[in-house]
$ cat input.cif   # mmCIF, C-alpha atoms
data_run
loop_
_atom_site.label_atom_id
_atom_site.label_comp_id
_atom_site.auth_asym_id
_atom_site.auth_seq_id
_atom_site.Cartn_x
_atom_site.Cartn_y
_atom_site.Cartn_z
CA MET Z 200 4.69 21.53 -2.68
CA ASP Z 201 2.03 21.64 0.07
CA VAL Z 202 0.62 18.44 1.56
CA ALA Z 203 -2.64 18.52 -0.40
CA GLN Z 204 -0.79 18.93 -3.69
CA LEU Z 205 1.70 16.22 -2.70
CA MET Z 206 -1.07 13.72 -2.06
CA GLN Z 207 -2.92 14.65 -5.25
CA ASP Z 208 0.27 14.04 -7.21
CA MET Z 209 0.86 10.69 -5.53
CA GLY Z 210 -2.72 9.65 -6.21
CA ARG Z 211 -2.48 10.62 -9.89
CA ARG Z 212 0.74 8.63 -10.34
CA ALA Z 213 -0.66 5.64 -8.42
CA ARG Z 214 -3.73 5.54 -10.67
CA ALA Z 215 -1.54 5.51 -13.78
CA ALA Z 216 0.69 2.79 -12.33
CA ALA Z 217 -2.35 0.72 -11.30
CA ARG Z 218 -3.34 0.26 -14.93
CA VAL Z 219 0.10 -1.13 -15.75
CA ILE Z 220 0.26 -3.43 -12.73
CA ALA Z 221 -3.27 -4.70 -13.40
CA ARG Z 222 -2.24 -6.03 -16.81
CA ALA Z 223 1.18 -7.34 -15.73
CA ASP Z 224 1.57 -11.09 -16.14
CA THR Z 225 2.31 -13.37 -13.22
CA GLU Z 226 5.97 -13.90 -14.11
CA SER Z 227 6.63 -10.15 -14.24
CA LYS Z 228 5.10 -9.69 -10.81
CA ASN Z 229 7.01 -12.65 -9.38
CA ARG Z 230 10.23 -11.38 -10.92
CA ALA Z 231 9.67 -8.05 -9.16
CA LEU Z 232 8.97 -9.79 -5.86
CA ARG Z 233 12.13 -11.87 -6.09
CA ALA Z 234 14.09 -8.72 -6.93
CA ILE Z 235 12.58 -6.96 -3.91
CA ALA Z 236 13.63 -9.83 -1.64
CA GLY Z 237 17.14 -9.64 -3.04
CA ALA Z 238 17.26 -5.88 -2.56
CA LEU Z 239 16.19 -6.22 1.08
CA ARG Z 240 18.98 -8.70 1.76
CA SER Z 241 21.58 -6.60 -0.03
CA ALA Z 242 20.52 -3.45 1.81
CA ALA Z 243 20.39 -5.07 5.26
CA PRO Z 244 23.24 -2.95 6.73
CA SER Z 245 21.67 0.31 5.55
CA LEU Z 246 18.22 -0.83 6.72
CA ILE Z 247 19.59 -1.52 10.19
CA GLU Z 248 21.35 1.86 10.22
CA ALA Z 249 18.14 3.67 9.23
CA ASN Z 250 16.28 1.74 11.90
CA ARG Z 251 18.80 2.81 14.55
CA THR Z 252 17.83 6.43 13.87
CA ASP Z 253 14.16 5.60 14.47
CA LEU Z 254 14.95 3.56 17.59
CA ALA Z 255 17.03 6.38 19.08
CA ALA Z 256 14.18 8.83 18.58
CA ALA Z 257 11.66 6.38 20.05
CA ARG Z 258 13.75 5.79 23.17
CA ALA Z 259 14.38 9.51 23.58
CA GLY Z 260 10.63 10.03 23.41
CA GLY Z 261 10.01 7.56 26.22
CA ALA Z 262 8.62 4.65 24.15
CA ASP Z 263 8.02 1.48 26.17
CA ALA Z 264 9.76 -1.83 25.56
CA ALA Z 265 6.86 -3.34 23.58
CA PHE Z 266 6.80 -0.37 21.22
CA VAL Z 267 10.56 -0.53 20.70
CA ASP Z 268 10.30 -4.27 20.01
CA ARG Z 269 7.69 -3.69 17.27
CA LEU Z 270 9.88 -0.99 15.74
CA THR Z 271 13.17 -2.91 15.75
CA LEU Z 272 14.79 -4.27 12.59
CA ASP Z 273 17.71 -6.65 12.92
CA ALA Z 274 19.31 -9.16 10.54
CA ARG Z 275 16.77 -11.82 11.44
CA ALA Z 276 13.78 -9.52 10.93
CA ILE Z 277 15.10 -8.42 7.55
CA GLU Z 278 15.61 -12.01 6.44
CA GLU Z 279 12.05 -12.80 7.56
CA MET Z 280 10.81 -9.84 5.49
CA ALA Z 281 12.67 -11.11 2.44
CA GLN Z 282 11.33 -14.63 2.92
CA GLY Z 283 7.81 -13.23 3.32
CA VAL Z 284 8.09 -11.43 -0.02
CA GLU Z 285 9.36 -14.63 -1.67
CA GLN Z 286 6.47 -16.53 -0.14
CA VAL Z 287 4.00 -14.12 -1.77
CA ALA Z 288 5.74 -14.81 -5.10
CA SER Z 289 5.04 -18.52 -4.61
CA LEU Z 290 1.30 -17.99 -4.11
CA GLU Z 291 -1.20 -18.58 -6.87
CA ASP Z 292 -2.02 -15.42 -8.79
CA PRO Z 293 -5.76 -14.72 -8.47
CA ILE Z 294 -5.89 -12.10 -11.24
CA GLY Z 295 -7.66 -13.13 -14.42
CA ARG Z 296 -9.07 -16.36 -12.95
CA ILE Z 297 -12.54 -17.10 -14.37
CA THR Z 298 -14.93 -19.13 -12.24
CA ASP Z 299 -18.56 -20.28 -12.35
CA LEU Z 300 -18.63 -20.21 -16.17
CA ALA Z 301 -22.02 -21.55 -17.22
CA GLU Z 302 -23.94 -21.60 -20.47
CA ARG Z 303 -27.32 -19.85 -20.51
CA PRO Z 304 -30.35 -20.81 -22.65
CA SER Z 305 -29.42 -18.01 -25.07
CA GLY Z 306 -26.09 -19.71 -25.77
CA ILE Z 307 -23.94 -17.12 -24.02
CA LYS Z 308 -21.56 -18.26 -21.29
CA VAL Z 309 -21.50 -16.20 -18.09
CA GLY Z 310 -18.74 -16.32 -15.49
CA ARG Z 311 -16.81 -14.18 -13.05
CA MET Z 312 -13.24 -12.93 -13.34
CA ARG Z 313 -10.94 -11.90 -10.50
CA VAL Z 314 -9.66 -8.33 -10.97
CA PRO Z 315 -7.60 -5.91 -8.84
CA LEU Z 316 -9.26 -3.30 -6.65
CA GLY Z 317 -7.09 -0.57 -8.20
CA VAL Z 318 -5.29 1.78 -5.81
CA ILE Z 319 -5.08 0.89 -2.14
CA GLY Z 320 -4.17 3.31 0.64
CA ILE Z 321 -2.61 1.70 3.72
CA ILE Z 322 -2.17 3.66 6.94
CA TYR Z 323 -0.16 1.93 9.67
CA GLU Z 324 1.93 2.47 12.77
CA SER Z 325 5.28 1.45 14.23
CA ARG Z 326 5.94 -1.87 12.43
CA PRO Z 327 8.26 -1.22 9.45
CA ASP Z 328 7.87 -4.79 8.18
CA VAL Z 329 4.35 -3.81 7.08
CA THR Z 330 6.00 -1.72 4.34
CA ALA Z 331 7.42 -4.86 2.71
CA ASP Z 332 4.46 -7.15 3.44
CA ALA Z 333 1.82 -4.74 2.16
CA SER Z 334 3.84 -3.86 -0.93
CA ALA Z 335 4.24 -7.54 -1.84
CA LEU Z 336 0.58 -8.41 -1.39
CA CYS Z 337 -0.65 -5.39 -3.33
CA LEU Z 338 1.80 -6.05 -6.15
CA LYS Z 339 0.90 -9.74 -6.50
CA SER Z 340 -2.82 -8.89 -6.51
CA GLY Z 341 -2.29 -6.35 -9.30
CA ASN Z 342 -2.89 -3.22 -7.22
CA ALA Z 343 -0.95 0.00 -6.79
CA VAL Z 344 -0.52 1.16 -3.20
CA ILE Z 345 0.10 4.39 -1.30
CA LEU Z 346 1.72 3.66 2.06
CA ARG Z 347 1.54 6.04 5.00
CA GLY Z 348 3.58 4.63 7.89
CA GLY Z 349 3.93 6.18 11.31
CA SER Z 350 6.39 9.00 11.87
CA GLU Z 351 8.18 6.84 14.45
CA ALA Z 352 9.40 4.51 11.65
CA VAL Z 353 9.92 7.05 8.87
CA HIS Z 354 13.61 6.31 8.21
CA SER Z 355 13.09 2.53 8.29
CA ASN Z 356 10.06 2.75 6.00
CA GLN Z 357 11.87 4.94 3.49
CA ALA Z 358 14.77 2.51 3.31
CA ILE Z 359 12.46 -0.49 2.79
CA ALA Z 360 10.34 1.36 0.21
CA ALA Z 361 13.51 2.16 -1.74
CA CYS Z 362 14.23 -1.59 -1.95
CA VAL Z 363 10.68 -2.23 -3.15
CA GLN Z 364 10.90 0.40 -5.88
CA ALA Z 365 14.31 -0.91 -6.96
CA GLY Z 366 12.80 -4.37 -7.39
CA LEU Z 367 9.92 -2.99 -9.43
CA ARG Z 368 12.28 -1.14 -11.75
CA GLU Z 369 14.46 -4.23 -12.15
CA ALA Z 370 11.40 -6.19 -13.34
CA GLY Z 371 10.35 -3.42 -15.75
CA LEU Z 372 7.32 -2.39 -13.70
CA PRO Z 373 6.52 1.20 -12.65
CA ALA Z 374 8.09 2.25 -9.36
CA ASP Z 375 4.98 4.40 -8.76
CA ALA Z 376 3.04 1.18 -8.11
CA VAL Z 377 4.37 1.43 -4.54
CA GLN Z 378 4.67 4.92 -3.08
CA LEU Z 379 5.50 5.86 0.48
CA VAL Z 380 4.25 9.17 1.85
CA GLY Z 381 7.53 10.86 2.78
CA THR Z 382 6.21 13.64 4.98
CA THR Z 383 5.51 13.10 8.67
CA ASP Z 384 2.89 15.87 8.60
CA ARG Z 385 -0.31 14.38 10.08
CA ALA Z 386 -2.30 16.36 7.52
CA ALA Z 387 -1.17 13.79 4.93
CA VAL Z 388 -3.48 11.20 6.49
CA GLY Z 389 -6.49 13.48 6.13
CA GLU Z 390 -5.61 14.27 2.52
CA LEU Z 391 -5.20 10.56 1.71
CA LEU Z 392 -8.63 9.84 3.19
CA ARG Z 393 -10.13 12.36 0.76
CA LEU Z 394 -8.48 11.08 -2.45
CA ARG Z 395 -11.69 9.53 -3.78
CA GLU Z 396 -10.70 10.27 -7.37
CA PHE Z 397 -7.58 8.12 -7.12
CA VAL Z 398 -7.86 5.70 -4.16
CA ASP Z 399 -10.33 2.81 -4.20
CA ILE Z 400 -9.94 1.35 -0.70
CA ILE Z 401 -8.31 2.31 2.61
CA ILE Z 402 -6.80 -0.28 4.94
CA PRO Z 403 -5.82 0.96 8.42
CA ARG Z 404 -3.42 -1.07 10.56
CA GLY Z 405 -2.67 0.22 14.03
CA GLY Z 406 -4.06 1.08 17.41
CA LYS Z 407 -7.64 1.85 18.28
CA SER Z 408 -7.19 5.63 18.25
CA LEU Z 409 -5.77 5.58 14.72
CA ILE Z 410 -8.57 3.37 13.40
CA GLU Z 411 -11.26 5.44 15.13
CA ARG Z 412 -9.87 8.56 13.47
CA ILE Z 413 -9.87 6.93 10.06
CA ILE Z 414 -13.43 5.63 10.51
CA ALA Z 415 -14.55 9.16 11.39
CA GLU Z 416 -12.74 10.94 8.56
CA SER Z 417 -12.49 8.60 5.59
CA GLN Z 418 -14.48 9.37 2.46
CA ILE Z 419 -13.22 6.11 0.91
CA PRO Z 420 -14.47 2.56 1.70
CA MET Z 421 -12.34 0.64 4.19
CA ILE Z 422 -11.23 -2.87 5.11
CA LYS Z 423 -10.71 -2.78 8.87
CA HIS Z 424 -11.26 -4.06 12.35
CA LEU Z 425 -11.45 -1.86 15.44
CA ASP Z 426 -11.10 -4.26 18.40
CA GLY Z 427 -10.08 -7.85 18.93
CA ILE Z 428 -12.21 -8.82 21.91
CA CYS Z 429 -11.91 -12.56 21.42
CA HIS Z 430 -13.61 -15.23 23.53
CA VAL Z 431 -13.07 -18.89 24.34
CA TYR Z 432 -16.16 -20.64 25.70
CA ILE Z 433 -15.48 -23.88 27.61
CA ASP Z 434 -18.69 -25.84 27.29
CA GLY Z 435 -19.98 -28.28 29.91
CA ALA Z 436 -19.29 -31.09 27.44
CA ALA Z 437 -15.66 -30.08 26.89
CA ASP Z 438 -12.68 -32.37 27.36
CA PRO Z 439 -11.01 -30.70 30.38
CA ASP Z 440 -7.43 -31.36 29.26
CA LYS Z 441 -8.19 -30.04 25.77
CA ALA Z 442 -9.97 -27.00 27.22
CA ILE Z 443 -7.06 -26.12 29.51
CA ARG Z 444 -4.54 -26.45 26.67
CA ILE Z 445 -6.59 -24.25 24.33
CA ALA Z 446 -7.44 -21.58 26.91
CA ASP Z 447 -3.79 -21.36 27.98
CA ASN Z 448 -2.53 -20.98 24.40
CA ALA Z 449 -5.26 -18.53 23.36
CA LYS Z 450 -4.17 -16.11 26.08
CA THR Z 451 -0.48 -16.64 26.70
CA GLN Z 452 1.08 -17.60 23.36
CA ARG Z 453 1.27 -13.85 22.63
CA TYR Z 454 -0.40 -11.03 24.54
CA GLY Z 455 -0.31 -8.14 22.10
CA THR Z 456 -2.14 -9.58 19.08
CA CYS Z 457 -5.69 -8.97 17.95
CA ASN Z 458 -6.52 -12.71 17.98
CA THR Z 459 -5.51 -13.22 21.62
CA MET Z 460 -8.33 -14.29 23.95
CA GLU Z 461 -9.46 -11.43 26.20
CA THR Z 462 -12.46 -13.09 27.90
CA LEU Z 463 -12.79 -16.69 29.04
CA LEU Z 464 -16.34 -18.02 29.40
CA VAL Z 465 -16.79 -21.26 31.35
CA ASP Z 466 -19.95 -23.34 31.77
CA ALA Z 467 -20.86 -23.64 35.46
CA ALA Z 468 -21.09 -27.42 34.97
CA ILE Z 469 -17.34 -27.70 34.38
CA ALA Z 470 -15.95 -24.59 36.10
CA SER Z 471 -14.67 -26.40 39.20
CA ARG Z 472 -12.69 -28.82 37.02
CA VAL Z 473 -10.99 -26.37 34.65
CA LEU Z 474 -10.75 -22.99 36.38
CA PRO Z 475 -8.42 -23.93 39.29
CA PRO Z 476 -5.76 -25.56 37.05
CA LEU Z 477 -6.09 -22.76 34.52
CA ALA Z 478 -5.72 -20.15 37.26
CA ALA Z 479 -2.53 -21.86 38.42
CA ILE Z 480 -1.14 -21.78 34.86
CA TYR Z 481 -2.05 -18.12 34.41
CA GLN Z 482 -0.63 -17.20 37.81
CA GLY Z 483 2.63 -18.91 36.91
CA LYS Z 484 2.83 -16.80 33.75
CA GLY Z 485 1.96 -13.52 35.45
CA VAL Z 486 -1.56 -13.16 34.03
CA GLU Z 487 -3.96 -11.05 36.11
CA LEU Z 488 -7.43 -12.59 36.34
CA ARG Z 489 -10.60 -10.53 36.74
CA GLY Z 490 -13.72 -12.61 37.32
CA ASP Z 491 -17.42 -12.38 38.02
CA ALA Z 492 -18.76 -13.51 41.40
CA ALA Z 493 -19.10 -17.15 40.33
CA ALA Z 494 -15.55 -17.28 38.96
CA CYS Z 495 -14.17 -15.65 42.11
CA SER Z 496 -15.93 -18.28 44.26
CA VAL Z 497 -14.20 -21.06 42.29
CA VAL Z 498 -10.79 -19.33 42.36
CA PRO Z 499 -10.40 -17.43 45.68
CA GLY Z 500 -8.23 -14.36 45.36
CA MET Z 501 -9.27 -13.56 41.80
CA ALA Z 502 -9.94 -9.84 41.37
CA ALA Z 503 -13.52 -8.77 40.77
CA ALA Z 504 -14.31 -7.86 37.15
CA THR Z 505 -16.09 -4.62 36.30
CA GLU Z 506 -18.56 -4.04 33.50
CA ALA Z 507 -15.77 -2.39 31.49
CA ASP Z 508 -13.65 -5.55 31.62
CA TRP Z 509 -16.08 -7.47 29.39
CA ALA Z 510 -15.65 -4.87 26.63
CA THR Z 511 -11.89 -4.35 26.87
CA GLU Z 512 -9.15 -5.47 24.50
CA TYR Z 513 -6.26 -5.65 26.95
CA LEU Z 514 -3.38 -6.62 24.62
CA ALA Z 515 -1.66 -7.45 27.91
CA PRO Z 516 -1.43 -10.29 30.49
CA ILE Z 517 -4.92 -9.59 31.84
CA LEU Z 518 -7.91 -11.89 31.36
CA ALA Z 519 -11.61 -11.45 32.15
CA VAL Z 520 -13.32 -14.65 33.35
CA ARG Z 521 -17.04 -15.32 33.57
CA VAL Z 522 -18.96 -18.43 34.58
CA VAL Z 523 -22.10 -18.88 32.46
CA GLU Z 524 -25.14 -21.12 32.62
CA GLY Z 525 -24.71 -22.96 29.34
CA ILE Z 526 -24.25 -22.14 25.68
CA ASP Z 527 -27.18 -19.70 25.38
CA GLN Z 528 -25.68 -17.37 27.97
CA ALA Z 529 -22.25 -17.71 26.36
CA ILE Z 530 -23.56 -16.76 22.93
CA ASP Z 531 -25.54 -13.87 24.43
CA HIS Z 532 -22.39 -12.58 26.16
CA ILE Z 533 -20.39 -12.72 22.93
CA ALA Z 534 -23.17 -10.93 21.03
CA ARG Z 535 -23.24 -8.14 23.63
CA TYR Z 536 -19.54 -7.61 24.28
CA GLY Z 537 -17.65 -9.15 21.37
CA SER Z 538 -16.07 -7.31 18.47
CA ALA Z 539 -16.93 -9.82 15.70
CA HIS Z 540 -13.26 -10.83 15.41
CA THR Z 541 -12.62 -14.41 16.62
CA ASP Z 542 -14.51 -16.63 19.07
CA ALA Z 543 -14.07 -20.30 19.94
CA ILE Z 544 -15.98 -23.08 21.69
CA VAL Z 545 -14.39 -26.10 23.34
CA THR Z 546 -16.85 -28.98 23.39
CA GLU Z 547 -17.30 -32.64 22.51
CA ASP Z 548 -21.01 -32.07 21.81
CA ARG Z 549 -21.46 -31.84 18.04
CA ALA Z 550 -24.88 -30.16 18.20
CA ARG Z 551 -23.58 -27.40 20.47
CA ALA Z 552 -20.54 -26.93 18.27
CA GLU Z 553 -22.77 -26.52 15.22
CA ARG Z 554 -24.99 -24.04 17.07
CA PHE Z 555 -21.96 -21.98 18.03
CA LEU Z 556 -20.71 -21.96 14.43
CA ARG Z 557 -24.10 -20.84 13.12
CA GLU Z 558 -25.07 -18.31 15.76
CA VAL Z 559 -21.85 -16.50 16.70
CA ASP Z 560 -21.55 -13.65 14.20
CA SER Z 561 -17.79 -13.17 14.02
CA SER Z 562 -15.30 -13.15 11.16
CA SER Z 563 -13.71 -16.37 12.52
CA VAL Z 564 -15.59 -18.93 14.61
CA MET Z 565 -13.72 -21.99 15.88
CA VAL Z 566 -14.39 -25.36 17.45
CA ASN Z 567 -11.74 -26.94 19.69
CA ALA Z 568 -8.92 -24.66 18.53
CA SER Z 569 -7.05 -21.63 19.88
CA THR Z 570 -8.12 -18.19 18.69
CA ARG Z 571 -4.46 -17.58 17.86
CA PHE Z 572 -5.04 -19.50 14.62
CA ALA Z 573 -7.01 -16.54 13.20
CA ASP Z 574 -4.23 -15.58 10.83
CA GLY Z 575 -3.78 -15.50 7.07
CA PHE Z 576 -0.74 -17.80 7.10
CA GLU Z 577 -2.46 -20.35 9.35
CA TYR Z 578 -5.55 -20.27 7.10
CA GLY Z 579 -3.48 -21.10 4.05
CA LEU Z 580 -3.69 -17.63 2.52
CA GLY Z 581 0.10 -17.39 2.53
CA ALA Z 582 0.05 -13.92 4.04
CA GLU Z 583 -2.44 -11.27 5.08
CA ILE Z 584 -2.80 -7.53 4.81
CA GLY Z 585 -4.90 -7.45 7.97
CA ILE Z 586 -8.11 -8.82 9.46
CA SER Z 587 -11.53 -7.48 8.58
CA THR Z 588 -14.56 -7.60 10.86
CA ASP Z 589 -16.69 -5.91 8.20
CA LYS Z 590 -19.38 -7.91 6.41
CA LEU Z 591 -18.99 -6.47 2.92
CA HIS Z 592 -16.30 -7.47 0.43
CA ALA Z 593 -13.75 -9.14 2.74
CA ARG Z 594 -14.17 -10.74 6.16
CA GLY Z 595 -11.56 -12.32 8.40
CA PRO Z 596 -7.88 -12.49 7.40
CA VAL Z 597 -7.45 -10.60 4.12
CA GLY Z 598 -5.03 -12.23 1.71
CA LEU Z 599 -4.55 -11.90 -2.04
CA GLU Z 600 -8.15 -12.73 -2.91
CA GLY Z 601 -9.40 -10.14 -0.41
CA LEU Z 602 -7.47 -7.49 -2.35
CA THR Z 603 -9.42 -8.31 -5.51
CA SER Z 604 -12.96 -7.96 -6.74
CA GLN Z 605 -14.95 -9.82 -9.36
CA LYS Z 606 -16.54 -8.73 -12.59
CA PHE Z 607 -18.95 -10.64 -14.79
CA VAL Z 608 -17.59 -11.84 -18.11
CA VAL Z 609 -19.81 -12.96 -20.97
CA LEU Z 610 -18.57 -15.16 -23.82
CA GLY Z 611 -20.71 -15.29 -26.92
CA ASP Z 612 -20.63 -16.29 -30.57
CA GLY Z 613 -22.81 -13.70 -32.20
CA GLN Z 614 -25.87 -14.01 -29.93
CA VAL Z 615 -28.33 -11.11 -29.79
CA ARG Z 616 -31.22 -10.69 -27.42
CA GLY Z 617 -34.66 -11.10 -28.91
#
$ encode --input "input.cif" --output "structure tokens"
Amino acid sequence: MDVAQLMQDMGRRARAAARVIARADTESKNRALRAIAGALRSAAPSLIEANRTDLAAARAGGADAAFVDRLTLDARAIEEMAQGVEQVASLEDPIGRITDLAERPSGIKVGRMRVPLGVIGIIYESRPDVTADASALCLKSGNAVILRGGSEAVHSNQAIAACVQAGLREAGLPADAVQLVGTTDRAAVGELLRLREFVDIIIPRGGKSLIERIIAESQIPMIKHLDGICHVYIDGAADPDKAIRIADNAKTQRYGTCNTMETLLVDAAIASRVLPPLAAIYQGKGVELRGDAAACSVVPGMAAATEADWATEYLAPILAVRVVEGIDQAIDHIARYGSAHTDAIVTEDRARAERFLREVDSSSVMVNASTRFADGFEYGLGAEIGISTDKLHARGPVGLEGLTSQKFVVLGDGQVRG
């Protein structure tokens, strides 16, 4: 079977399975999720063995330590996967929920019902845990899913997908509700992006080059974000201790995540109070600072920032620093260089905080909190399939509700329109 025919067949089977999953009751879905968690635990030795094959190939290919870390499955990671699937089972099922039901003058009642999107295509790289996480979220939200993981994790993904399908079968649900593209042929991605007849939405998870390719080629709507150029603005009315704590955490709690701060903006009125202690903290943690002229004058020895630094997602211990003349300049900077992901203000001035919330056009906007909180679990969604910086359908961390749509429902008792 050639790649085009393979993908057509997978799409056809996913569409058929989607109808079954869409009408499955909550207990059936939860039973499948619990069975998947059990299968992951039982298969832990074989999952680790499959992962060793992927790790050996990655190391032989010269993969760096960060890449190998993302790829690695050990007993702890597998237990975390299983617990994550069980956590999804504990979440409220959004499917079938009717809201905003109101009676109209005609006597009919009009409301909205949560329904699945249908078939979701997810394209991702390196992290095999995405196979379990994405499967669980799609299943609980009543969707079928076609998974296309990176070739670097093919053996790990196949082993995890086998556990997922075993759990589905145990609960009496179609195994075709979760399908993993088995071929490593890159042409499979292009074919998936053209399956408009069968796939309703594409969700890419991976590096910038992958997402740029998908944006350029997809004929199917997407839920995505391209960059995470996140800012923290320390306002002149900020509490210095609070500002230092937040700016430290936003950058150094983890370097390689999309909600990590990449640019620090500091009001000139407070720069001399917060930048020197922050620079000492960053220096102690090995963070390279690149500042504008004003920042460099406050912290001698700081490297000079270039224009490119303001528009760069480093995903590394590097931070761009700019001193601004108040909130207007801070908001203007974010509008020009930001990626509409996550931006925060630190201030004790309520009016400025409210301005920042209203005027910064990002999927998450924060007051006096680290950007690292931009996460589905931290937002109470239980889990997330990714973060969207789009404005249509879903925005910000995408949990179960983001994997659904709404339809109008009308309840009548024989009414006709005159």
$ closest_residue --input "input.cif" --among "Z:Ala492, Z:Ile400, Z:Ile584, Z:Ile443" --to "Val329 (chain Z)" --atoms "only C-alpha atoms"
Z:Ile584
$ atom_distance --input "input.cif" --atom1 "CA of Cys429 (chain Z)" --atom2 "CA of Ser538 (chain Z)"
7.3 Å
$ closest_residue --input "input.cif" --among "Z:Lys228, Z:Arg551, Z:Arg296, Z:Lys407" --to "Leu336 (chain Z)" --atoms "all atoms listed in the file"
Z:Lys228
$ atom_distance --input "input.cif" --atom1 "CA of Ile419 (chain Z)" --atom2 "CA of Ile321 (chain Z)"
11.8 Å
$ closest_residue --input "input.cif" --among "Z:Gln357, Z:Gln614, Z:Ser569, Z:Thr298" --to "Thr459 (chain Z)" --atoms "all atoms listed in the file"
Z:Ser569
$ atom_distance --input "input.cif" --atom1 "CA of Ser587 (chain Z)" --atom2 "CA of Lys423 (chain Z)"
4.8 Å
$ closest_residue --input "input.cif" --among "Z:Val498, Z:Leu205, Z:Val219, Z:Ala503" --to "Asp375 (chain Z)" --atoms "all atoms listed in the file"
Z:Val219
$ residues_around --input "input.cif" --residues "Glu416 (chain Z)" --least-positions-apart "3" --cutoff "7 Å" --atoms "all atoms listed in the file" --output "list in words"
Leu392, Arg412 and Ile413 of chain Z
$ residues_near_point --input "input.cif" --point "(-3.0, -1.7, -7.3)" --cutoff "7 Å" --atoms "all atoms listed in the file" --output "list in words"
Ala217, Ile220, Ala221, Pro315, Leu316, Gly317, Val318, Ile319, Cys337, Leu338, Gly341, Asn342, Ala343, Val344 and Ala376 of chain Z
$ closest_residue --input "input.cif" --among "Z:Thr570, Z:Ser563, Z:Gln482, Z:Ser604" --to "Thr456 (chain Z)" --atoms "only C-alpha atoms"
Z:Thr570
$ residues_around --input "input.cif" --residues "Asn250 (chain Z)" --least-positions-apart "3" --cutoff "8 Å" --atoms "all atoms listed in the file" --output "list in words"
Leu246, Ile247, Asp253, Leu254, Leu270, Thr271, Leu272, Ala352, His354 and Ser355 of chain Z
$ write_last_selection --input "input.cif" --atoms "C-alpha atoms" --output "PDB file, keeping the file's coordinate frame"
ATOM      1  CA  LEU Z 246      18.220  -0.830   6.720  1.00  0.00           C
ATOM      2  CA  ILE Z 247      19.590  -1.520  10.190  1.00  0.00           C
ATOM      3  CA  ASP Z 253      14.160   5.600  14.470  1.00  0.00           C
ATOM      4  CA  LEU Z 254      14.950   3.560  17.590  1.00  0.00           C
ATOM      5  CA  LEU Z 270       9.880  -0.990  15.740  1.00  0.00           C
ATOM      6  CA  THR Z 271      13.170  -2.910  15.750  1.00  0.00           C
ATOM      7  CA  LEU Z 272      14.790  -4.270  12.590  1.00  0.00           C
ATOM      8  CA  ALA Z 352       9.400   4.510  11.650  1.00  0.00           C
ATOM      9  CA  HIS Z 354      13.610   6.310   8.210  1.00  0.00           C
ATOM     10  CA  SER Z 355      13.090   2.530   8.290  1.00  0.00           C
TER      11      SER Z 355
END
$ resolve_selection --input "input.cif" --expression "the PyMOL selection byres ((chain Z and resi 603) around 7)" --output "ChimeraX atom specification"
/Z:313-316,340,599-602,604-605
$ closest_residue --input "input.cif" --among "Z:Ala331, Z:Ala550, Z:Ala243, Z:Val363" --to "Asp434 (chain Z)" --atoms "all atoms listed in the file"
Z:Ala550
$ residues_near_point --input "input.cif" --point "(-14.1, -10.8, 18.4)" --cutoff "6 Å" --atoms "only C-alpha atoms" --output "list of chain:residue names"
Z:Gly427, Z:Ile428, Z:Cys429, Z:Gly537, Z:Ser538, Z:Ala539, Z:His540, Z:Thr541, Z:Asp542
$ resolve_selection --input "input.cif" --expression "the PyMOL selection byres ((chain Z and resi 383) around 9)" --output "PDB file with C-alpha atoms, in the frame of the given file"
ATOM      1  CA  ARG Z 347       1.540   6.040   5.000  1.00  0.00           C
ATOM      2  CA  GLY Z 348       3.580   4.630   7.890  1.00  0.00           C
ATOM      3  CA  GLY Z 349       3.930   6.180  11.310  1.00  0.00           C
ATOM      4  CA  SER Z 350       6.390   9.000  11.870  1.00  0.00           C
ATOM      5  CA  GLU Z 351       8.180   6.840  14.450  1.00  0.00           C
ATOM      6  CA  VAL Z 353       9.920   7.050   8.870  1.00  0.00           C
ATOM      7  CA  VAL Z 380       4.250   9.170   1.850  1.00  0.00           C
ATOM      8  CA  GLY Z 381       7.530  10.860   2.780  1.00  0.00           C
ATOM      9  CA  THR Z 382       6.210  13.640   4.980  1.00  0.00           C
ATOM     10  CA  ASP Z 384       2.890  15.870   8.600  1.00  0.00           C
ATOM     11  CA  ARG Z 385      -0.310  14.380  10.080  1.00  0.00           C
ATOM     12  CA  ALA Z 386      -2.300  16.360   7.520  1.00  0.00           C
ATOM     13  CA  ALA Z 387      -1.170  13.790   4.930  1.00  0.00           C
TER      14      ALA Z 387
END
$ resolve_selection --input "input.cif" --expression "the PyMOL selection byres ((chain Z and resi 233) around 12)" --output "ChimeraX atom specification"
/Z:226-232,234-240,280-289,335,338-339,362-363,365-367,369-370
